[in-house]
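Student: Next up, structure_23.cif (mmCIF, C-alpha atoms).
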data_work
#
loop_
_atom_site.label_atom_id
_atom_site.label_comp_id
_atom_site.auth_asym_id
_atom_site.auth_seq_id
_atom_site.Cartn_x
_atom_site.Cartn_y
_atom_site.Cartn_z
CA MET P 1 -12.97 -20.13 -8.87
CA GLY P 2 -9.63 -19.54 -10.59
CA ARG P 3 -11.21 -17.49 -13.40
CA ALA P 4 -13.14 -15.32 -10.93
CA THR P 5 -9.94 -14.77 -8.91
CA LEU P 6 -8.14 -13.59 -12.06
CA ILE P 7 -11.03 -11.26 -12.88
CA GLY P 8 -10.79 -9.87 -9.36
CA PHE P 9 -7.05 -9.36 -9.77
CA SER P 10 -7.71 -7.38 -12.96
CA ALA P 11 -9.27 -4.78 -10.65
CA VAL P 12 -5.95 -4.56 -8.78
CA ALA P 13 -4.16 -4.08 -12.12
CA MET P 14 -6.56 -1.25 -13.04
CA TRP P 15 -6.09 0.40 -9.63
CA ALA P 16 -2.38 0.55 -10.49
CA LEU P 17 -3.28 3.32 -12.97
CA LEU P 18 -4.95 5.41 -10.27
CA ALA P 19 -1.88 7.47 -9.28
CA LEU P 20 -0.79 8.19 -12.86
CA LEU P 21 -4.23 9.20 -14.11
CA THR P 22 -5.03 11.21 -10.98
CA ASP P 23 -1.79 13.16 -11.38
CA ALA P 24 -2.59 13.74 -15.06
CA SER P 25 -6.08 15.01 -14.24
CA GLY P 26 -4.74 18.33 -12.94
CA THR P 27 -5.94 20.11 -9.81
CA VAL P 28 -9.54 18.89 -9.71
CA PRO P 29 -10.49 18.65 -6.00
CA PRO P 30 -10.93 15.07 -4.67
CA PHE P 31 -14.69 14.97 -4.13
CA LEU P 32 -15.43 16.62 -7.48
CA LEU P 33 -13.06 14.16 -9.19
CA SER P 34 -14.86 11.32 -7.38
CA ALA P 35 -18.27 12.64 -8.49
CA ILE P 36 -17.23 12.88 -12.16
CA THR P 37 -15.39 9.57 -12.33
CA PHE P 38 -18.10 7.59 -10.55
CA ALA P 39 -20.63 9.08 -12.95
CA ILE P 40 -18.51 7.68 -15.78
CA GLY P 41 -18.26 4.40 -13.85
CA THR P 42 -22.06 4.31 -13.75
CA GLY P 43 -22.03 4.60 -17.52
CA VAL P 44 -19.65 1.63 -17.70
CA GLY P 45 -22.19 -0.46 -15.82
CA LEU P 46 -25.10 0.70 -17.99
CA VAL P 47 -23.22 -0.23 -21.16
CA ALA P 48 -22.17 -3.61 -19.67
CA ARG P 49 -25.82 -4.42 -18.95
CA LEU P 50 -26.50 -4.37 -22.70
CA PHE P 51 -24.09 -7.27 -23.22
CA MET P 52 -24.79 -9.32 -20.09
CA ALA P 53 -27.52 -11.94 -19.85
CA GLN P 54 -30.32 -10.74 -17.60
CA PRO P 55 -32.24 -13.18 -15.37
CA GLN P 56 -35.81 -13.89 -16.47
CA HIS P 57 -37.12 -13.21 -13.00
CA LYS P 58 -35.41 -10.29 -11.32
CA ALA P 59 -34.86 -11.04 -7.65
CA ARG P 60 -35.42 -8.31 -5.09
CA ILE P 61 -32.15 -6.82 -3.82
CA PRO P 62 -32.10 -6.89 0.01
CA PRO P 63 -31.87 -3.44 1.64
CA LEU P 64 -28.72 -4.61 3.45
CA VAL P 65 -26.97 -5.08 0.11
CA TRP P 66 -27.74 -1.48 -0.86
CA GLY P 67 -26.34 -0.29 2.45
CA ILE P 68 -23.18 -2.39 2.11
CA GLY P 69 -22.55 -1.30 -1.48
CA ILE P 70 -23.09 2.43 -1.07
CA ALA P 71 -21.30 2.57 2.30
CA GLY P 72 -18.40 0.60 0.81
CA LEU P 73 -17.78 2.67 -2.31
CA PHE P 74 -18.63 6.10 -0.93
CA GLY P 75 -17.41 5.43 2.60
CA TYR P 76 -13.98 4.26 1.48
CA HIS P 77 -13.36 7.39 -0.59
CA PHE P 78 -14.87 9.73 2.02
CA PHE P 79 -12.65 8.43 4.82
CA TYR P 80 -9.60 8.21 2.55
CA PHE P 81 -9.90 11.84 1.45
CA THR P 82 -10.56 12.89 5.06
CA ALA P 83 -7.44 11.00 6.20
CA LEU P 84 -5.27 12.72 3.59
CA ARG P 85 -6.60 16.11 4.68
CA ASN P 86 -5.71 15.45 8.33
CA ALA P 87 -2.50 13.38 8.27
CA PRO P 88 0.70 13.04 6.21
CA ALA P 89 0.08 11.12 2.99
CA VAL P 90 2.72 8.42 3.66
CA GLU P 91 1.42 7.34 7.05
CA ALA P 92 -2.24 7.70 6.06
CA SER P 93 -1.75 5.66 2.89
CA LEU P 94 0.04 2.85 4.72
CA ILE P 95 -2.69 2.62 7.37
CA ALA P 96 -5.40 2.67 4.70
CA TYR P 97 -3.59 -0.12 2.89
CA LEU P 98 -4.17 -2.51 5.75
CA TRP P 99 -7.38 -3.61 3.99
CA PRO P 100 -5.82 -6.57 2.09
CA LEU P 101 -4.50 -7.99 5.37
CA LEU P 102 -7.90 -7.44 7.02
CA ILE P 103 -9.59 -9.28 4.13
CA VAL P 104 -7.26 -12.25 4.47
CA ILE P 105 -7.74 -12.49 8.24
CA GLY P 106 -11.46 -11.67 8.16
CA SER P 107 -12.10 -14.36 5.56
CA ALA P 108 -11.64 -16.96 8.31
CA LEU P 109 -14.99 -15.81 9.71
CA MET P 110 -16.83 -16.40 6.44
CA PRO P 111 -18.95 -19.54 5.89
CA GLY P 112 -17.09 -22.23 3.99
CA GLU P 113 -13.71 -20.46 4.24
CA ARG P 114 -10.57 -21.67 5.99
CA LEU P 115 -7.65 -19.44 6.90
CA ALA P 116 -4.26 -21.12 6.49
CA TRP P 117 -0.82 -19.99 7.66
CA ASN P 118 0.30 -19.27 4.10
CA HIS P 119 -2.55 -16.78 3.59
CA VAL P 120 -1.49 -14.71 6.61
CA ALA P 121 2.23 -15.03 5.83
CA GLY P 122 1.64 -13.99 2.21
CA ALA P 123 -0.39 -10.96 3.29
CA LEU P 124 2.32 -9.90 5.77
CA LEU P 125 5.01 -10.16 3.08
CA GLY P 126 2.84 -8.02 0.85
CA LEU P 127 2.43 -5.48 3.64
CA ALA P 128 6.22 -5.34 4.06
CA GLY P 129 6.61 -4.69 0.34
CA THR P 130 3.96 -1.99 0.49
CA PHE P 131 5.83 -0.38 3.39
CA LEU P 132 8.92 -0.03 1.16
CA ILE P 133 6.85 1.48 -1.66
CA VAL P 134 4.85 3.94 0.44
CA THR P 135 7.72 5.10 2.68
CA ARG P 136 10.24 5.17 -0.21
CA GLY P 137 12.68 3.24 1.93
CA GLY P 138 12.51 5.72 4.79
CA GLY P 139 10.86 5.53 8.18
CA LEU P 140 7.53 6.50 9.63
CA SER P 141 6.92 9.25 12.15
CA PHE P 142 3.51 8.94 13.73
CA ASP P 143 2.65 12.29 15.33
CA ALA P 144 -0.13 12.37 17.92
CA SER P 145 -1.36 15.66 16.47
CA TYR P 146 -2.46 13.71 13.38
CA ALA P 147 -4.39 11.14 15.41
CA PHE P 148 -7.71 12.06 13.77
CA GLY P 149 -6.26 11.56 10.29
CA TYR P 150 -4.72 8.23 11.28
CA ALA P 151 -8.07 7.12 12.72
CA MET P 152 -9.84 8.05 9.48
CA ALA P 153 -7.29 6.01 7.52
CA GLY P 154 -7.97 3.05 9.81
CA VAL P 155 -11.72 3.41 9.29
CA CYS P 156 -11.04 3.56 5.55
CA ALA P 157 -9.27 0.17 5.70
CA LEU P 158 -12.06 -1.32 7.81
CA VAL P 159 -14.76 -0.04 5.43
CA TRP P 160 -13.23 -1.52 2.29
CA SER P 161 -12.35 -4.86 3.87
CA ALA P 162 -15.87 -5.09 5.36
CA TYR P 163 -17.44 -4.24 1.99
CA SER P 164 -15.37 -6.92 0.25
CA LEU P 165 -16.09 -9.61 2.84
CA LEU P 166 -19.79 -8.84 3.22
CA SER P 167 -20.28 -8.78 -0.56
CA ARG P 168 -19.20 -12.42 -0.57
CA ARG P 169 -22.19 -13.31 1.58
CA PHE P 170 -24.52 -12.35 -1.29
CA PRO P 171 -23.20 -14.35 -4.28
CA SER P 172 -26.64 -14.43 -5.91
CA VAL P 173 -26.81 -10.63 -6.18
CA PRO P 174 -25.80 -9.75 -9.76
CA THR P 175 -22.70 -7.66 -10.33
CA THR P 176 -24.81 -5.20 -12.35
CA VAL P 177 -26.07 -3.76 -9.04
CA VAL P 178 -22.64 -2.11 -8.68
CA THR P 179 -23.91 0.32 -11.34
CA TRP P 180 -26.25 1.87 -8.79
CA PHE P 181 -23.60 1.84 -6.07
CA CYS P 182 -21.45 3.96 -8.40
CA ALA P 183 -24.38 6.29 -9.15
CA ALA P 184 -25.09 6.84 -5.45
CA THR P 185 -21.39 7.43 -4.75
CA SER P 186 -21.28 10.03 -7.52
CA VAL P 187 -24.27 11.92 -6.08
CA LEU P 188 -22.93 11.81 -2.51
CA SER P 189 -19.46 12.91 -3.67
CA LEU P 190 -21.02 15.84 -5.51
CA ALA P 191 -22.84 16.85 -2.33
CA CYS P 192 -19.55 16.73 -0.37
CA HIS P 193 -17.86 18.79 -3.10
CA LEU P 194 -20.54 21.50 -2.95
CA MET P 195 -20.20 21.70 0.84
CA LEU P 196 -16.43 21.39 1.24
CA GLU P 197 -14.58 22.37 -1.95
CA GLU P 198 -14.18 25.02 -4.58
CA THR P 199 -14.95 23.96 -8.13
CA VAL P 200 -11.89 23.48 -10.35
CA LEU P 201 -12.47 21.63 -13.62
CA PRO P 202 -9.82 19.99 -15.85
CA ALA P 203 -7.95 22.70 -17.75
CA ASN P 204 -7.41 21.01 -21.12
CA ALA P 205 -8.22 18.00 -23.29
CA GLY P 206 -5.36 15.94 -21.81
CA GLN P 207 -6.70 16.36 -18.29
CA TRP P 208 -10.23 15.50 -19.39
CA LEU P 209 -8.87 12.33 -21.06
CA ALA P 210 -7.19 11.40 -17.76
CA VAL P 211 -10.50 11.89 -15.94
CA LEU P 212 -12.22 9.74 -18.56
CA GLY P 213 -9.56 7.06 -18.11
CA LEU P 214 -10.12 7.12 -14.34
CA GLY P 215 -13.84 6.66 -14.78
CA LEU P 216 -13.49 3.85 -17.29
CA MET P 217 -10.96 1.77 -15.38
CA PRO P 218 -9.77 2.43 -11.77
CA VAL P 219 -13.05 4.09 -10.75
CA GLY P 220 -15.22 2.15 -13.19
CA ALA P 221 -14.64 -1.34 -14.54
CA ALA P 222 -12.38 -2.19 -11.57
CA PHE P 223 -15.30 -2.21 -9.12
CA TYR P 224 -17.31 -4.59 -11.29
CA ALA P 225 -14.32 -6.93 -11.65
CA TRP P 226 -13.68 -6.75 -7.88
CA ASP P 227 -17.29 -7.69 -7.18
CA ILE P 228 -16.93 -10.85 -9.29
CA GLY P 229 -13.63 -11.70 -7.60
CA VAL P 230 -14.78 -11.34 -4.00
CA LYS P 231 -18.06 -13.20 -4.61
CA ARG P 232 -16.82 -16.15 -6.65
CA GLY P 233 -13.02 -16.21 -6.38
CA ASN P 234 -10.49 -17.24 -3.73
CA ILE P 235 -10.78 -14.29 -1.38
CA GLN P 236 -7.63 -15.09 0.64
CA VAL P 237 -5.49 -15.19 -2.50
CA LEU P 238 -7.18 -12.08 -3.85
CA GLY P 239 -6.59 -10.20 -0.60
CA ALA P 240 -2.88 -11.06 -0.49
CA ALA P 241 -2.44 -10.33 -4.20
CA SER P 242 -4.02 -6.90 -3.71
CA TYR P 243 -0.74 -5.69 -2.27
CA ALA P 244 0.50 -5.69 -5.87
CA ALA P 245 -1.48 -2.47 -6.50
CA PRO P 246 1.08 0.00 -5.06
CA LEU P 247 3.91 -1.96 -6.68
CA LEU P 248 2.24 -2.00 -10.10
CA SER P 249 1.40 1.69 -9.66
CA THR P 250 5.07 2.48 -9.00
CA LEU P 251 6.18 0.40 -12.01
CA VAL P 252 3.71 2.31 -14.20
CA LEU P 253 5.15 5.61 -12.93
CA ILE P 254 8.67 4.35 -13.70
CA ALA P 255 7.66 3.23 -17.20
CA THR P 256 6.14 6.65 -17.93
CA GLY P 257 9.11 8.58 -16.55
CA PHE P 258 7.44 9.88 -13.39
CA ALA P 259 9.65 7.84 -11.04
CA GLU P 260 13.12 6.29 -10.96
CA PRO P 261 13.94 2.59 -10.40
CA SER P 262 15.75 1.73 -7.16
CA TRP P 263 16.71 -1.11 -4.82
CA ARG P 264 13.54 -0.68 -2.80
CA ILE P 265 11.43 -1.31 -5.92
CA LEU P 266 13.34 -4.56 -6.53
CA ALA P 267 12.96 -5.58 -2.88
CA ALA P 268 9.24 -4.74 -2.95
CA CYS P 269 8.87 -6.85 -6.12
CA VAL P 270 10.40 -9.84 -4.35
CA LEU P 271 8.30 -9.39 -1.19
CA ILE P 272 4.96 -8.77 -2.89
CA THR P 273 5.40 -11.43 -5.59
CA GLY P 274 6.65 -13.95 -3.04
CA GLY P 275 3.73 -13.13 -0.75
CA ALA P 276 1.18 -13.57 -3.54
CA VAL P 277 2.69 -16.90 -4.62
CA LEU P 278 2.79 -18.12 -1.00
CA ALA P 279 -0.85 -17.14 -0.44
CA ALA P 280 -1.88 -18.88 -3.68
CA LYS P 281 0.27 -21.99 -3.23
CA SER P 282 -2.72 -24.30 -2.88
CA LEU P 283 -4.13 -22.98 -6.15
CA LEU P 284 -0.82 -23.02 -7.99
CA PHE P 285 0.79 -26.18 -6.64
CA GLY P 286 -2.04 -28.15 -5.04
CA ARG P 287 -2.49 -31.69 -6.25
CA LYS P 288 -5.64 -32.31 -8.21
CA VAL P 289 -7.96 -34.99 -6.94
CA PRO P 290 -8.73 -37.54 -9.67
CA ALA P 291 -12.32 -37.55 -10.79
CA ARG P 292 -14.32 -40.61 -9.80
CA ALA P 293 -15.64 -42.85 -12.53
#
Take the structure in this file and express it as structure tokens.

Tutor:
Amino acid sequence: MGRATLIGFSAVAMWALLALLTDASGTVPPFLLSAITFAIGTGVGLVARLFMAQPQHKARIPPLVWGIGIAGLFGYHFFYFTALRNAPAVEASLIAYLWPLLIVIGSALMPGERLAWNHVAGALLGLAGTFLIVTRGGGLSFDASYAFGYAMAGVCALVWSAYSLLSRRFPSVPTTVVTWFCAATSVLSLACHLMLEETVLPANAGQWLAVLGLGLMPVGAAFYAWDIGVKRGNIQVLGAASYAAPLLSTLVLIATGFAEPSWRILAACVLITGGAVLAAKSLLFGRKVPARA
């Protein structure tokens, strides 16, 4: 379980590159960028299949799994982009980032799972740290005129938490199926682009490299790693630790000169790290039961 949890957290680390690479990709509209990067992510899955052991007898994938996977990957991005188009980015992002807390709380409803006080407390500390990151130490001003955008951000959080929790109910479904979830998301994103956006492609080699980086990691390998984590890892710990994504993203921006260090970054580090350690205390500090002879 510990190894799968670490693999799942590697997805969070890759998502930390999302802001930097998206900024470096130029002015490509969101749905077109999603279509291109998920197409690359599909390629990641196809290449991975060459190196992964395939079962001798391929089991039939239940239709429900296809619905969960495609609705999760495409639905999250569709509602997130819609939220950003209809509400201020700070408030919309914070609402959308309720999904780790929803995963931690929702895990109590899963078979064989038990929700402890430290899981909820750790997730809340992480949320507080995320608040500092997203608001840049300022306040929030929820305007009723942006109610639709706020609602879309809330649906976004519900979609991703539901996808993560429901995926855990199908541990026997191989992670390679995520390849086809990415392919479907790419096609649906392209359809949304053709209906809603004007085509603007990356302007130079640097921007194309950023798009390639997005497709290989945050919008590629990360989804395969996340699938392993939510199916076989400690989902409460993984949910609480997911709040590290905005913190790691900010640290990456600082390291590359796109942001400046400040007290709020230090405070967010303490809150998010403390929350993750608290949520994982049973894994980190739990006493091992001696094996019976």

Student: Any chance you could work out the axis-aligned box around range 39-49 of chain P, listed atoms only, 6 Å on each side, giving centre and edge lengths in Å to one decimal, as lines of an AutoDock Vina configuration file?

Tutor:
center_x = -22.0
center_y = 2.3
center_z = -17.1
size_x = 19.6
size_y = 25.5
size_z = 20.2

Student: Can you pull out every residue within 7 Å of range 61-70 of chain P, counting all atoms listed in the file, but drop anything in the same chain fewer than 3 positions away, and send it as a PDB file with C-alpha atoms, in the coordinates of the input?

Tutor:
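After the write, out.pdb holds the following:
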ATOM      1  CA  LEU P  73     -17.780   2.670  -2.310  1.00  0.00           C
ATOM      2  CA  PHE P  74     -18.630   6.100  -0.930  1.00  0.00           C
ATOM      3  CA  TYR P 163     -17.440  -4.240   1.990  1.00  0.00           C
ATOM      4  CA  VAL P 173     -26.810 -10.630  -6.180  1.00  0.00           C
ATOM      5  CA  PHE P 181     -23.600   1.840  -6.070  1.00  0.00           C
ATOM      6  CA  ALA P 184     -25.090   6.840  -5.450  1.00  0.00           C
ATOM      7  CA  THR P 185     -21.390   7.430  -4.750  1.00  0.00           C
TER       8      THR P 185
END

Student: Name all residues at most 6 Å from range 75-82 of chain P (count all atoms listed in the file; drop same-chain ones fewer than 6 positions away) and give them as a PyMOL selection string.

Tutor: chain P and resi 152-153+156+159-160

Student: May I have the selected residues written with C-alpha atoms, as a short mmCIF file (atom, residue, chain, number, x, y, z; two decimals), in the coordinates of the input?

Tutor:
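As written to disk, again-v5.cif reads:
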data_model
loop_
_atom_site.label_atom_id
_atom_site.label_comp_id
_atom_site.auth_asym_id
_atom_site.auth_seq_id
_atom_site.Cartn_x
_atom_site.Cartn_y
_atom_site.Cartn_z
CA MET P 152 -9.84 8.05 9.48
CA ALA P 153 -7.29 6.01 7.52
CA CYS P 156 -11.04 3.56 5.55
CA VAL P 159 -14.76 -0.04 5.43
CA TRP P 160 -13.23 -1.52 2.29
#

Student: Name every residue that the PyMOL selection byres ((chain P and resi 174) around 12) selects in this structure, writing the answer as a PyMOL selection string with chains first and numbers rising.

Tutor: chain P and resi 45+49+52-55+58-62+65+167-168+170-173+175-180+224-225+227-228+231-232

Student: Quick one: which residues end up in the PyMOL selection byres ((chain P and resi 25) around 10) for this structure, as number ranges by chain?

Tutor: P: 19-24, 26-28, 33, 201-214

Student: Translate the PyMOL selection byres ((chain P and resi 242-259) around 8), as applied to the file shown, into an explicit residue set as a ChimeraX atom specification.

Tutor: /P:9,12-13,15-20,100,123,126-127,129-130,133-134,238-241,260-261,265,268-269,272-273

Student: Please identify all polymer residues within 8 Å of Gly233 in chain P, counting all atoms listed in the file, omitting same-chain residues fewer than 5 positions from it, and present them as JSON, numbers by chain.

Tutor: {"P": [1, 2, 3, 4, 5, 6, 8, 228, 238]}

Student: Please save C-alpha atoms of the selected residues as a PDB file, keeping the file's coordinate frame.

Tutor:
ATOM      1  CA  MET P   1     -12.970 -20.130  -8.870  1.00  0.00           C
ATOM      2  CA  GLY P   2      -9.630 -19.540 -10.590  1.00  0.00           C
ATOM      3  CA  ARG P   3     -11.210 -17.490 -13.400  1.00  0.00           C
ATOM      4  CA  ALA P   4     -13.140 -15.320 -10.930  1.00  0.00           C
ATOM      5  CA  THR P   5      -9.940 -14.770  -8.910  1.00  0.00           C
ATOM      6  CA  LEU P   6      -8.140 -13.590 -12.060  1.00  0.00           C
ATOM      7  CA  GLY P   8     -10.790  -9.870  -9.360  1.00  0.00           C
ATOM      8  CA  ILE P 228     -16.930 -10.850  -9.290  1.00  0.00           C
ATOM      9  CA  LEU P 238      -7.180 -12.080  -3.850  1.00  0.00           C
TER      10      LEU P 238
END

Student: Looking at P:Met217, P:Ala183, P:Val90, P:Val120, which one is nearest to Met14 in chain P, with distances taken over all atoms listed in the file?

Tutor: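 Closest candidate: P:Met217.
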
Student: Kindly add all heavy atoms to the incomplete range 1-12 of chain P and provide the output as an mmCIF file, in the coordinates of the input.

Tutor:
data_model
loop_
_atom_site.group_PDB
_atom_site.id
_atom_site.type_symbol
_atom_site.label_atom_id
_atom_site.label_comp_id
_atom_site.auth_asym_id
_atom_site.auth_seq_id
_atom_site.Cartn_x
_atom_site.Cartn_y
_atom_site.Cartn_z
ATOM 1 N N MET P 1 -13.499 -21.052 -9.877
ATOM 2 C CA MET P 1 -12.970 -20.130 -8.870
ATOM 3 C C MET P 1 -11.720 -19.403 -9.370
ATOM 4 O O MET P 1 -11.524 -18.221 -9.126
ATOM 5 C CB MET P 1 -12.661 -20.872 -7.569
ATOM 6 C CG MET P 1 -12.067 -19.986 -6.481
ATOM 7 S SD MET P 1 -11.731 -20.845 -4.936
ATOM 8 C CE MET P 1 -13.383 -21.009 -4.284
ATOM 9 N N GLY P 2 -10.859 -20.145 -10.098
ATOM 10 C CA GLY P 2 -9.630 -19.540 -10.590
ATOM 11 C C GLY P 2 -9.894 -18.388 -11.538
ATOM 12 O O GLY P 2 -9.231 -17.349 -11.481
ATOM 13 N N ARG P 3 -10.884 -18.556 -12.434
ATOM 14 C CA ARG P 3 -11.210 -17.490 -13.400
ATOM 15 C C ARG P 3 -11.732 -16.261 -12.676
ATOM 16 O O ARG P 3 -11.347 -15.124 -13.008
ATOM 17 C CB ARG P 3 -12.260 -18.013 -14.385
ATOM 18 C CG ARG P 3 -12.670 -16.990 -15.445
ATOM 19 C CD ARG P 3 -13.580 -17.644 -16.483
ATOM 20 N NE ARG P 3 -14.019 -16.681 -17.474
ATOM 21 C CZ ARG P 3 -15.130 -15.950 -17.362
ATOM 22 N NH1 ARG P 3 -15.897 -16.095 -16.280
ATOM 23 N NH2 ARG P 3 -15.477 -15.091 -18.299
ATOM 24 N N ALA P 4 -12.599 -16.455 -11.680
ATOM 25 C CA ALA P 4 -13.140 -15.320 -10.930
ATOM 26 C C ALA P 4 -12.031 -14.610 -10.147
ATOM 27 O O ALA P 4 -12.045 -13.374 -10.020
ATOM 28 C CB ALA P 4 -14.228 -15.810 -9.972
ATOM 29 N N THR P 5 -11.069 -15.376 -9.626
ATOM 30 C CA THR P 5 -9.940 -14.770 -8.910
ATOM 31 C C THR P 5 -9.115 -13.894 -9.850
ATOM 32 O O THR P 5 -8.701 -12.782 -9.489
ATOM 33 C CB THR P 5 -9.048 -15.856 -8.284
ATOM 34 O OG1 THR P 5 -9.836 -16.686 -7.432
ATOM 35 C CG2 THR P 5 -7.922 -15.237 -7.461
ATOM 36 N N LEU P 6 -8.890 -14.382 -11.073
ATOM 37 C CA LEU P 6 -8.140 -13.590 -12.060
ATOM 38 C C LEU P 6 -8.908 -12.327 -12.450
ATOM 39 O O LEU P 6 -8.307 -11.259 -12.621
ATOM 40 C CB LEU P 6 -7.864 -14.437 -13.306
ATOM 41 C CG LEU P 6 -6.802 -15.529 -13.146
ATOM 42 C CD1 LEU P 6 -6.723 -16.373 -14.414
ATOM 43 C CD2 LEU P 6 -5.442 -14.913 -12.830
ATOM 44 N N ILE P 7 -10.223 -12.443 -12.581
ATOM 45 C CA ILE P 7 -11.030 -11.260 -12.880
ATOM 46 C C ILE P 7 -10.912 -10.256 -11.741
ATOM 47 O O ILE P 7 -10.760 -9.044 -11.957
ATOM 48 C CB ILE P 7 -12.505 -11.645 -13.121
ATOM 49 C CG1 ILE P 7 -12.633 -12.457 -14.412
ATOM 50 C CG2 ILE P 7 -13.388 -10.400 -13.181
ATOM 51 C CD1 ILE P 7 -14.025 -13.012 -14.652
ATOM 52 N N GLY P 8 -10.959 -10.757 -10.508
ATOM 53 C CA GLY P 8 -10.790 -9.870 -9.360
ATOM 54 C C GLY P 8 -9.435 -9.194 -9.360
ATOM 55 O O GLY P 8 -9.309 -8.004 -9.036
ATOM 56 N N PHE P 9 -8.384 -9.957 -9.738
ATOM 57 C CA PHE P 9 -7.050 -9.360 -9.770
ATOM 58 C C PHE P 9 -6.931 -8.305 -10.867
ATOM 59 O O PHE P 9 -6.116 -7.385 -10.760
ATOM 60 C CB PHE P 9 -5.980 -10.421 -9.954
ATOM 61 C CG PHE P 9 -4.581 -9.876 -9.859
ATOM 62 C CD1 PHE P 9 -4.057 -9.514 -8.628
ATOM 63 C CD2 PHE P 9 -3.816 -9.681 -10.992
ATOM 64 C CE1 PHE P 9 -2.784 -8.975 -8.520
ATOM 65 C CE2 PHE P 9 -2.539 -9.147 -10.899
ATOM 66 C CZ PHE P 9 -2.017 -8.792 -9.657
ATOM 67 N N SER P 10 -7.743 -8.413 -11.925
ATOM 68 C CA SER P 10 -7.710 -7.380 -12.960
ATOM 69 C C SER P 10 -8.103 -6.022 -12.386
ATOM 70 O O SER P 10 -7.662 -4.977 -12.873
ATOM 71 C CB SER P 10 -8.631 -7.752 -14.132
ATOM 72 O OG SER P 10 -10.004 -7.605 -13.783
ATOM 73 N N ALA P 11 -8.931 -6.029 -11.321
ATOM 74 C CA ALA P 11 -9.270 -4.780 -10.650
ATOM 75 C C ALA P 11 -8.027 -4.175 -10.009
ATOM 76 O O ALA P 11 -7.796 -2.959 -10.068
ATOM 77 C CB ALA P 11 -10.340 -5.029 -9.583
ATOM 78 N N VAL P 12 -7.206 -5.031 -9.387
ATOM 79 C CA VAL P 12 -5.950 -4.560 -8.780
ATOM 80 C C VAL P 12 -5.049 -3.956 -9.848
ATOM 81 O O VAL P 12 -4.428 -2.909 -9.638
ATOM 82 C CB VAL P 12 -5.235 -5.737 -8.067
ATOM 83 C CG1 VAL P 12 -3.901 -5.276 -7.477
ATOM 84 C CG2 VAL P 12 -6.122 -6.311 -6.966
#
